[in-house]
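Asker: Dropping in upload_11.cif, which is mmCIF, C-alpha atoms:
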```cif
data_start
loop_
_atom_site.label_atom_id
_atom_site.label_comp_id
_atom_site.auth_asym_id
_atom_site.auth_seq_id
_atom_site.Cartn_x
_atom_site.Cartn_y
_atom_site.Cartn_z
CA MET A 1 0.00 0.00 0.00
CA SER A 2 1.38 3.38 -0.91
CA VAL A 3 0.90 5.78 1.97
CA LEU A 4 1.58 9.49 2.32
CA ILE A 5 3.34 10.41 5.56
CA ARG A 6 3.15 13.96 6.87
CA ILE A 7 6.28 15.02 8.73
CA PRO A 8 5.91 17.72 11.43
CA THR A 9 8.25 20.70 11.20
CA PRO A 10 10.49 19.60 14.15
CA LEU A 11 11.34 16.36 12.33
CA ARG A 12 11.86 17.79 8.87
CA PRO A 13 15.61 18.24 9.33
CA LEU A 14 15.72 14.42 9.40
CA THR A 15 13.77 14.05 6.13
CA ASN A 16 15.92 16.49 4.16
CA GLY A 17 13.33 19.19 4.75
CA GLN A 18 10.48 17.24 3.14
CA ASN A 19 7.07 17.82 4.71
CA GLU A 20 5.60 14.74 3.06
CA VAL A 21 7.19 11.45 2.17
CA GLN A 22 5.77 8.35 0.51
CA GLU A 23 6.28 4.77 1.70
CA THR A 24 4.63 1.44 1.11
CA GLY A 25 3.41 -0.87 3.84
CA GLY A 26 0.37 -2.76 5.09
CA SER A 27 0.50 -1.49 8.67
CA VAL A 28 1.72 1.50 10.64
CA GLN A 29 4.54 -0.69 12.00
CA GLU A 30 5.80 -1.44 8.50
CA ILE A 31 5.81 2.25 7.63
CA LEU A 32 7.68 3.13 10.85
CA ASP A 33 10.27 0.42 10.11
CA LYS A 34 10.86 1.86 6.64
CA LEU A 35 11.08 5.44 7.88
CA THR A 36 13.60 4.37 10.53
CA VAL A 37 15.83 2.83 7.90
CA ARG A 38 15.47 5.54 5.29
CA TYR A 39 15.84 8.56 7.60
CA PRO A 40 18.47 7.89 10.26
CA GLY A 41 17.61 9.49 13.60
CA ILE A 42 13.86 9.56 13.08
CA GLY A 43 13.38 6.22 14.84
CA GLU A 44 14.74 7.53 18.15
CA ARG A 45 12.49 10.55 17.94
CA LEU A 46 9.34 8.51 17.38
CA LEU A 47 9.94 5.31 19.35
CA ASP A 48 11.12 4.52 22.87
CA GLU A 49 13.68 1.89 23.88
CA LYS A 50 11.05 -0.84 23.67
CA GLY A 51 10.05 0.21 20.18
CA ASP A 52 6.71 1.69 21.26
CA VAL A 53 5.53 5.05 19.93
CA ARG A 54 6.50 7.73 22.46
CA ARG A 55 3.57 8.94 24.56
CA PHE A 56 3.93 12.58 23.52
CA ILE A 57 3.74 11.72 19.83
CA ASN A 58 0.47 10.83 18.17
CA ILE A 59 0.17 9.03 14.87
CA TYR A 60 -3.01 9.47 12.92
CA VAL A 61 -4.22 7.40 10.00
CA ASN A 62 -6.30 9.90 8.10
CA GLU A 63 -8.25 11.52 10.98
CA GLU A 64 -7.95 8.69 13.49
CA ASP A 65 -5.39 8.31 16.31
CA ILE A 66 -3.87 4.80 16.15
CA ARG A 67 -3.94 4.60 19.98
CA PHE A 68 -7.71 4.27 19.67
CA ARG A 69 -7.47 1.74 16.85
CA ASP A 70 -4.96 -1.11 16.74
CA GLY A 71 -1.85 0.86 17.67
CA VAL A 72 1.10 0.23 15.37
CA GLN A 73 -0.71 -2.86 14.05
CA THR A 74 -3.37 -0.58 12.53
CA ALA A 75 -3.83 -1.73 8.94
CA LEU A 76 -3.35 0.65 6.05
CA LYS A 77 -4.99 0.79 2.68
CA GLU A 78 -3.92 2.38 -0.55
CA GLY A 79 -4.08 6.17 -0.39
CA ASP A 80 -4.18 6.44 3.40
CA GLU A 81 -2.46 9.43 4.94
CA LEU A 82 -0.38 9.03 8.04
CA SER A 83 0.28 12.12 10.16
CA ILE A 84 2.92 12.34 12.88
CA ILE A 85 1.89 14.96 15.45
CA PRO A 86 4.17 15.71 18.41
CA ALA A 87 3.01 17.59 21.50
CA ILE A 88 4.29 21.16 21.38
CA ALA A 89 4.21 23.58 24.28
CA GLY A 90 5.44 26.92 22.96
CA GLY A 91 3.30 29.99 23.38
CA SER A 92 4.49 32.52 25.86
CA ARG A 93 8.26 33.10 25.78
CA MET B 94 -27.71 45.99 32.02
CA GLU B 95 -28.33 48.66 29.43
CA PHE B 96 -25.79 49.71 26.83
CA ARG B 97 -24.37 53.18 26.97
CA GLU B 98 -24.55 55.12 23.73
CA ASP B 99 -20.83 54.71 23.09
CA GLN B 100 -21.15 50.96 23.66
CA VAL B 101 -23.92 50.67 21.07
CA GLU B 102 -21.53 52.30 18.62
CA ARG B 103 -18.40 50.41 19.71
CA TYR B 104 -20.07 47.01 19.45
CA SER B 105 -22.40 47.82 16.54
CA ARG B 106 -20.77 45.31 14.17
CA HIS B 107 -21.37 42.59 16.73
CA ILE B 108 -24.86 43.70 17.63
CA ILE B 109 -26.04 43.58 14.02
CA LEU B 110 -24.93 39.94 13.72
CA LYS B 111 -28.00 37.93 14.57
CA GLU B 112 -25.81 35.22 16.16
CA VAL B 113 -24.48 37.83 18.59
CA GLY B 114 -26.98 40.68 18.91
CA GLY B 115 -27.48 42.74 22.03
CA THR B 116 -27.93 39.59 24.09
CA GLY B 117 -24.64 38.12 22.94
CA GLN B 118 -22.79 41.37 23.45
CA LYS B 119 -24.07 41.46 27.03
CA LYS B 120 -22.81 37.91 27.50
CA LEU B 121 -19.39 39.07 26.34
CA LEU B 122 -19.44 42.09 28.66
CA ASN B 123 -20.34 39.82 31.58
CA ALA B 124 -17.80 37.11 30.69
CA ARG B 125 -14.64 36.47 32.67
CA VAL B 126 -11.71 34.93 30.81
CA LEU B 127 -8.30 34.02 32.24
CA VAL B 128 -5.36 33.99 29.84
CA ILE B 129 -2.26 32.02 30.86
CA GLY B 130 0.78 33.76 29.41
CA ALA B 131 1.08 37.34 28.16
CA GLY B 132 3.31 36.25 25.31
CA GLY B 133 2.98 35.16 21.71
CA LEU B 134 -0.46 33.58 22.10
CA GLY B 135 -1.70 35.63 25.06
CA SER B 136 -1.16 38.83 23.04
CA PRO B 137 -3.63 38.27 20.20
CA VAL B 138 -6.04 36.35 22.43
CA SER B 139 -6.30 39.11 25.02
CA MET B 140 -6.32 41.93 22.46
CA TYR B 141 -9.20 40.45 20.46
CA LEU B 142 -11.11 39.58 23.61
CA ALA B 143 -10.64 43.14 24.88
CA ALA B 144 -11.76 44.55 21.55
CA ALA B 145 -14.78 42.24 21.63
CA GLY B 146 -15.77 43.67 25.00
CA VAL B 147 -15.10 40.64 27.19
CA GLY B 148 -15.76 42.32 30.51
CA THR B 149 -13.07 40.77 32.69
CA ILE B 150 -9.73 39.52 31.41
CA GLY B 151 -7.25 38.04 33.86
CA ILE B 152 -3.74 37.62 32.53
CA VAL B 153 -1.05 35.57 34.25
CA ASP B 154 2.66 35.97 33.54
CA MET B 155 5.65 36.35 35.83
CA ASP B 156 8.11 37.58 33.20
CA ASP B 157 9.30 41.03 32.17
CA VAL B 158 9.16 42.20 28.57
CA ASP B 159 12.37 41.36 26.70
CA LEU B 160 13.47 42.86 23.40
CA SER B 161 13.46 39.36 21.84
CA ASN B 162 9.71 39.08 22.64
CA LEU B 163 8.68 41.94 20.36
CA GLN B 164 9.03 39.90 17.13
CA ARG B 165 5.69 38.25 18.01
CA GLN B 166 4.26 39.52 21.33
CA ILE B 167 2.19 42.43 20.10
CA LEU B 168 0.85 43.40 23.53
CA HIS B 169 4.26 44.87 24.27
CA SER B 170 6.39 47.56 22.71
CA THR B 171 9.86 49.00 22.77
CA GLN B 172 8.65 51.38 25.48
CA THR B 173 7.65 48.54 27.80
CA VAL B 174 10.87 46.50 27.55
CA GLY B 175 11.93 45.66 31.12
CA LYS B 176 8.44 46.10 32.59
CA PRO B 177 6.36 43.20 33.86
CA LYS B 178 4.50 41.72 30.88
CA VAL B 179 1.15 41.84 32.64
CA HIS B 180 1.58 45.57 33.36
CA SER B 181 2.42 46.20 29.73
CA ALA B 182 -0.65 44.10 28.85
CA PHE B 183 -2.81 46.11 31.25
CA GLU B 184 -1.82 49.35 29.52
CA THR B 185 -2.42 48.02 26.01
CA LEU B 186 -5.76 46.37 26.76
CA THR B 187 -7.16 49.21 28.84
CA ALA B 188 -6.21 51.71 26.14
CA MET B 189 -8.00 49.57 23.54
CA ASN B 190 -11.19 49.29 25.51
CA PRO B 191 -11.88 50.95 28.87
CA ASP B 192 -14.97 48.71 29.30
CA VAL B 193 -12.64 45.84 30.09
CA ARG B 194 -11.49 45.12 33.62
CA VAL B 195 -7.96 43.76 33.21
CA ILE B 196 -6.59 41.79 36.15
CA PRO B 197 -2.81 41.41 35.96
CA VAL B 198 -1.31 38.47 37.88
CA THR B 199 2.47 38.40 38.33
CA ASP B 200 2.51 35.34 40.58
CA ARG B 201 4.05 32.18 39.19
CA LEU B 202 1.18 29.82 38.45
CA THR B 203 1.70 26.66 40.54
CA ALA B 204 -0.23 23.55 41.47
CA ASP B 205 -0.87 25.21 44.85
CA ASN B 206 -2.43 28.46 43.64
CA VAL B 207 -4.00 27.39 40.34
CA LEU B 208 -7.44 26.49 41.69
CA ASP B 209 -7.79 29.83 43.48
CA LEU B 210 -6.62 31.66 40.36
CA PHE B 211 -9.12 29.88 38.09
CA ARG B 212 -12.15 29.82 40.35
CA ASP B 213 -13.66 33.20 39.38
CA TYR B 214 -13.37 32.74 35.60
CA ASP B 215 -15.71 31.25 32.99
CA VAL B 216 -13.14 30.22 30.37
CA ILE B 217 -9.40 29.46 30.67
CA VAL B 218 -7.03 30.08 27.76
CA ASP B 219 -3.70 28.28 27.71
CA GLY B 220 -0.92 30.14 25.94
CA SER B 221 1.84 28.94 28.22
CA ASP B 222 5.30 27.90 27.19
CA ASN B 223 5.96 24.61 28.93
CA PHE B 224 4.49 21.17 29.42
CA GLY B 225 4.50 21.29 33.22
CA THR B 226 2.15 24.27 33.16
CA ARG B 227 -0.04 22.66 30.49
CA TYR B 228 -0.76 19.60 32.64
CA VAL B 229 -1.37 21.72 35.78
CA VAL B 230 -3.72 24.04 33.84
CA ASN B 231 -5.54 21.06 32.31
CA ASP B 232 -6.08 19.34 35.63
CA ALA B 233 -7.27 22.49 37.40
CA ALA B 234 -9.68 23.39 34.58
CA PHE B 235 -11.02 19.83 34.70
CA PHE B 236 -11.63 19.83 38.47
CA LEU B 237 -13.34 23.25 38.28
CA ARG B 238 -15.32 22.25 35.15
CA LYS B 239 -14.07 25.22 33.12
CA PRO B 240 -13.60 25.01 29.35
CA LEU B 241 -9.92 25.23 28.40
CA VAL B 242 -8.95 26.72 25.03
CA SER B 243 -5.49 25.36 24.39
CA GLY B 244 -3.05 26.65 21.78
CA SER B 245 0.62 25.93 21.17
CA ILE B 246 3.21 26.91 18.61
CA LEU B 247 6.70 25.92 17.56
CA ARG B 248 8.73 26.82 14.49
CA PHE B 249 6.11 26.97 11.71
CA GLU B 250 3.41 24.83 13.24
CA GLY B 251 0.56 25.40 15.66
CA GLN B 252 -2.17 23.42 17.38
CA VAL B 253 -5.54 24.46 18.82
CA ILE B 254 -8.14 22.45 20.75
CA VAL B 255 -10.96 23.08 23.22
CA LEU B 256 -10.66 20.75 26.20
CA GLU B 257 -13.63 19.90 28.40
CA GLY B 258 -12.74 16.60 30.02
CA TYR B 259 -15.65 16.95 32.45
CA ARG B 260 -17.93 16.24 29.48
CA GLU B 261 -17.81 13.32 27.05
CA THR B 262 -14.95 15.09 25.30
CA PRO B 263 -11.17 14.80 25.86
CA CYS B 264 -8.78 16.56 28.22
CA TYR B 265 -5.13 17.35 27.49
CA ARG B 266 -4.07 14.01 29.02
CA CYS B 267 -6.33 12.16 26.54
CA LEU B 268 -4.56 13.98 23.73
CA TYR B 269 -0.99 13.68 25.03
CA PRO B 270 -0.67 11.18 27.89
CA GLU B 271 2.87 12.27 28.77
CA ALA B 272 5.14 15.26 28.31
CA PRO B 273 8.43 14.77 26.51
CA PRO B 274 11.29 14.34 28.94
CA PRO B 275 13.57 17.40 29.06
CA GLY B 276 16.58 17.11 26.82
CA LEU B 277 15.00 14.79 24.27
CA VAL B 278 13.72 17.61 22.12
CA PRO B 279 15.02 21.08 21.28
CA SER B 280 13.95 24.04 23.39
CA CYS B 281 11.85 26.88 21.98
CA SER B 282 14.72 29.32 21.96
CA GLU B 283 16.79 26.76 20.01
CA ALA B 284 13.96 25.79 17.72
CA GLY B 285 12.61 29.29 17.03
CA VAL B 286 9.12 30.36 16.10
CA LEU B 287 7.71 32.33 13.19
CA GLY B 288 6.36 35.49 14.82
CA VAL B 289 3.14 35.76 12.84
CA LEU B 290 2.32 32.12 13.67
CA ALA B 291 1.52 33.31 17.20
CA GLY B 292 -1.01 35.71 15.71
CA THR B 293 -2.72 33.03 13.64
CA VAL B 294 -2.99 30.52 16.46
CA GLY B 295 -3.86 33.10 19.11
CA THR B 296 -6.68 34.56 17.05
CA LEU B 297 -8.05 31.05 16.46
CA GLN B 298 -8.09 30.60 20.24
CA ALA B 299 -9.88 33.95 20.63
CA SER B 300 -12.55 32.79 18.13
CA GLU B 301 -13.15 29.67 20.17
CA VAL B 302 -13.43 31.67 23.40
CA VAL B 303 -16.00 34.01 21.86
CA LYS B 304 -17.99 31.04 20.50
CA LEU B 305 -17.99 29.37 23.91
CA ILE B 306 -19.20 32.56 25.61
CA LEU B 307 -21.92 33.09 23.02
CA GLY B 308 -22.82 29.42 22.76
CA ILE B 309 -22.67 29.48 18.96
CA GLY B 310 -21.06 27.35 16.28
CA GLU B 311 -19.05 24.21 16.78
CA PRO B 312 -16.07 24.61 19.08
CA LEU B 313 -13.08 22.29 18.50
CA ARG B 314 -14.23 19.98 21.29
CA ASP B 315 -13.24 16.65 19.83
CA ARG B 316 -10.89 17.74 17.10
CA LEU B 317 -7.32 19.02 17.15
CA LEU B 318 -6.61 21.70 14.58
CA ILE B 319 -3.11 21.58 13.14
CA TYR B 320 -1.85 24.60 11.23
CA ASP B 321 1.27 24.42 9.09
CA ALA B 322 2.28 27.91 8.03
CA LEU B 323 4.78 26.69 5.42
CA ALA B 324 2.27 24.47 3.64
CA MET B 325 -0.54 26.93 4.54
CA SER B 326 -2.61 23.96 5.56
CA PHE B 327 -5.21 23.55 8.26
CA ARG B 328 -6.02 19.97 9.16
CA LYS B 329 -8.25 18.51 11.84
CA VAL B 330 -7.78 15.13 13.45
CA ARG B 331 -10.20 13.37 15.75
CA VAL B 332 -9.36 13.31 19.46
CA PRO B 333 -11.51 10.86 21.39
CA LYS B 334 -11.90 10.88 25.14
CA ASP B 335 -9.54 8.22 26.48
CA PRO B 336 -11.53 5.82 28.69
CA ASN B 337 -8.23 5.00 30.42
CA CYS B 338 -7.32 8.66 31.02
CA PRO B 339 -5.91 8.97 34.56
CA LEU B 340 -7.77 12.28 34.98
CA CYS B 341 -11.10 12.13 33.15
CA GLY B 342 -11.38 8.41 32.33
CA LYS B 343 -13.57 5.79 33.92
CA ASN B 344 -11.19 4.95 36.77
CA PRO B 345 -9.34 8.17 37.52
CA LEU B 346 -6.03 8.02 39.37
CA ILE B 347 -5.51 11.78 39.67
CA HIS B 348 -7.63 13.46 42.32
CA THR B 349 -5.70 16.66 43.02
CA VAL B 350 -3.64 19.13 41.03
CA SER B 351 0.07 18.46 41.36
CA GLY B 352 3.26 18.73 39.35
CA SER B 353 5.86 21.34 38.53
CA THR B 354 5.29 24.37 36.33
CA ASP B 355 9.00 25.06 35.94
CA TRP B 356 10.05 26.21 32.56
CA ALA B 357 11.15 23.41 30.26
CA CYS B 358 10.00 24.39 26.82
CA SER B 359 10.31 21.54 24.37
CA ILE B 360 8.60 20.49 21.18
#
```
In structure tokens, how does this file's structure come out?
Answerer:
Amino acid sequence: MSVLIRIPTPLRPLTNGQNEVQETGGSVQEILDKLTVRYPGIGERLLDEKGDVRRFINIYVNEEDIRFRDGVQTALKEGDELSIIPAIAGGSR
Amino acid sequence: MEFREDQVERYSRHIILKEVGGTGQKKLLNARVLVIGAGGLGSPVSMYLAAAGVGTIGIVDMDDVDLSNLQRQILHSTQTVGKPKVHSAFETLTAMNPDVRVIPVTDRLTADNVLDLFRDYDVIVDGSDNFGTRYVVNDAAFFLRKPLVSGSILRFEGQVIVLEGYRETPCYRCLYPEAPPPGLVPSCSEAGVLGVLAGTVGTLQASEVVKLILGIGEPLRDRLLIYDALAMSFRKVRVPKDPNCPLCGKNPLIHTVSGSTDWACSI
């Protein structure tokens, strides 16, 4: 399945500045594995030591948070869009 | 409450909107909104709320105005560099609209004083700069059953959501269960922020506050709005209430407000 992945601005230095990248995979896990290989450094930003998605980063398939679906096992279909959304806290200073 | 003649003129563009009208304008004049942070987000939020005639605006910030703030914090000016931000805010907002009672708060917001600070307000606006404060603000707003209009910005990207965990809608902990540990992510001053981004996100927050006060439209109660200034894209994703949320879930583990509000600004 070809999937569009939206990269948030803090991670774009790791994807050569690209805000969207394309990968193929049948599940979120497969996409994360490919991103980790293709863009060194991105794996550590997204996943903890156990390989789980960090709890301040949300991954959405289209509009839905994978935490409320099947986590990284969430299946993907052709044309799905995967968004990586980190918590950000800036505002005042 | 009757309008004075100058108020009829000042708020005429609101009053002629049937969704606002005289009734809505009175709701605004009677509303009490607390803005956390007199910075990038707090500036546009408080200025538009003051212009709209929100009757009481509390504004919490312990910092002084710094020259590096002026690229985005439009409450302040070269003349107010070195002054407490909330005093600079008081001057700006009062000059815009003398109808508005501005309550400056220079105390550091902490888990100990947050409930007393929030108690007298109808709506809380989070424009703070660190995760510790965001969780403390979320928990206090939840316990007091106050709607929380949350906005955050970094680099070229912003997020907005209305959090009402005391309803069947999410709280901040449903959205982000944990804050990033310090050191894992770059700080705001390292990462930078596009100045005008604060204006875009802050004015979106102000819109949501006005809608909540008026009871009109569809506030972002179960959606997170993500704005990317570089792509000029606005996207919404669904944010469900987490049944396992330690604050607002079925079996809550958090029963009091606690935690540090020390500054640790990270992505």
Asker: Quick check on the file I pasted: which residues fall under the PyMOL selection byres ((chain A) within 10 of (chain B))? Write them as number ranges by chain.
Answerer: A: 8-10, 19, 44-45, 54-58, 60-65, 67-68, 83, 85-93
Asker: Around the point (-5.9, 22.8, 32.7), in the coordinates given by the file, pick out the residues reaching within 10 Å, counting only C-alpha atoms, and return them as a CSV table (one decimal) with C-alpha atoms, keeping the file's coordinate frame.
Answerer:
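Resulting contents of point-v8.csv:
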```
chain,number,residue,atom,x,y,z
B,207,VAL,CA,-4.0,27.4,40.3
B,208,LEU,CA,-7.4,26.5,41.7
B,211,PHE,CA,-9.1,29.9,38.1
B,217,ILE,CA,-9.4,29.5,30.7
B,218,VAL,CA,-7.0,30.1,27.8
B,219,ASP,CA,-3.7,28.3,27.7
B,226,THR,CA,2.2,24.3,33.2
B,227,ARG,CA,0.0,22.7,30.5
B,228,TYR,CA,-0.8,19.6,32.6
B,229,VAL,CA,-1.4,21.7,35.8
B,230,VAL,CA,-3.7,24.0,33.8
B,231,ASN,CA,-5.5,21.1,32.3
B,232,ASP,CA,-6.1,19.3,35.6
B,233,ALA,CA,-7.3,22.5,37.4
B,234,ALA,CA,-9.7,23.4,34.6
B,235,PHE,CA,-11.0,19.8,34.7
B,236,PHE,CA,-11.6,19.8,38.5
B,237,LEU,CA,-13.3,23.2,38.3
B,238,ARG,CA,-15.3,22.2,35.2
B,239,LYS,CA,-14.1,25.2,33.1
B,240,PRO,CA,-13.6,25.0,29.4
B,241,LEU,CA,-9.9,25.2,28.4
B,242,VAL,CA,-9.0,26.7,25.0
B,243,SER,CA,-5.5,25.4,24.4
B,256,LEU,CA,-10.7,20.8,26.2
B,257,GLU,CA,-13.6,19.9,28.4
B,258,GLY,CA,-12.7,16.6,30.0
B,264,CYS,CA,-8.8,16.6,28.2
B,265,TYR,CA,-5.1,17.4,27.5
B,266,ARG,CA,-4.1,14.0,29.0
B,350,VAL,CA,-3.6,19.1,41.0
```
Asker: For CA of Gly17 (chain A) and CA of Gln164 (chain B), determine how far apart the two atoms are, in Å to one decimal place.
Answerer: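 Going from CA of Gly17 (chain A) over to CA of Gln164 (chain B), I get 24.5 Å.
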Asker: From the options B:Thr349, B:Gln118, B:Ser139, B:Ser105, which residue's atoms come nearest to Ala299 (chain B), counting only C-alpha atoms?
Answerer: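 Counting only C-alpha atoms, the residue closest to Ala299 (chain B) is B:Ser139.
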Asker: Just checking: using only C-alpha atoms, which residue out of A:Val28, A:Leu11, A:Leu35, A:Met1 ends up closest to Leu82 (chain A)?
Answerer: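 Of the candidates, the smallest distance to Leu82 (chain A) is held by A:Val28.
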Asker: Using all atoms listed in the file, give me every residue within 10 Å of (-7.3, 44.6, 24.3) in file coordinates, as a ChimeraX atom specification.
Answerer: /B:136-147,150,168,182-191,193,195
Asker: So what do you get for CA of Thr296 (chain B) versus CA of Val128 (chain B), distance-wise?
Answerer: 12.9 Å
Asker: Distance CA of Ile42 (chain A)-CA of Cys338 (chain B), one decimal place?
Answerer: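 Going from CA of Ile42 (chain A) over to CA of Cys338 (chain B), I get 27.8 Å.
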Asker: Quick one: everything within 10 Å of Gly43 (chain A), counting all atoms listed in the file, minus sequence neighbours fewer than 5 positions away in the same chain. Send it as a PyMOL selection string.
Answerer: chain A and resi 32-38+48+51+53
Asker: Generate the output file for the selected residues, C-alpha atoms, as an mmCIF file, in the coordinates of the input.
Answerer:
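The result, stored in selection-v8.cif:
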```cif
data_model
loop_
_atom_site.group_PDB
_atom_site.id
_atom_site.type_symbol
_atom_site.label_atom_id
_atom_site.label_comp_id
_atom_site.auth_asym_id
_atom_site.auth_seq_id
_atom_site.Cartn_x
_atom_site.Cartn_y
_atom_site.Cartn_z
ATOM 1 C CA LEU A 32 7.680 3.130 10.850
ATOM 2 C CA ASP A 33 10.270 0.420 10.110
ATOM 3 C CA LYS A 34 10.860 1.860 6.640
ATOM 4 C CA LEU A 35 11.080 5.440 7.880
ATOM 5 C CA THR A 36 13.600 4.370 10.530
ATOM 6 C CA VAL A 37 15.830 2.830 7.900
ATOM 7 C CA ARG A 38 15.470 5.540 5.290
ATOM 8 C CA ASP A 48 11.120 4.520 22.870
ATOM 9 C CA GLY A 51 10.050 0.210 20.180
ATOM 10 C CA VAL A 53 5.530 5.050 19.930
#
```
Asker: Could you list, as an NGL selection string, every residue matched by the PyMOL selection byres ((chain A and resi 24) around 6) in this structure?
Answerer: :A and (1-3 or 23 or 25)
Asker: Could you write out the selected residues, including C-alpha atoms, as a PDB file, keeping the file's coordinate frame?
Answerer:
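Output file selection-v8.pdb is given in full below:
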```pdb
ATOM      1  CA  MET A   1       0.000   0.000   0.000  1.00  0.00           C
ATOM      2  CA  SER A   2       1.380   3.380  -0.910  1.00  0.00           C
ATOM      3  CA  VAL A   3       0.900   5.780   1.970  1.00  0.00           C
ATOM      4  CA  GLU A  23       6.280   4.770   1.700  1.00  0.00           C
ATOM      5  CA  GLY A  25       3.410  -0.870   3.840  1.00  0.00           C
TER       6      GLY A  25
END
```
Asker: Applied to the shown file, which residues does the PyMOL selection byres ((chain A and resi 75) around 8) return, written as a PyMOL selection string?
Answerer: chain A and resi 26-28+70+73-74+76-77
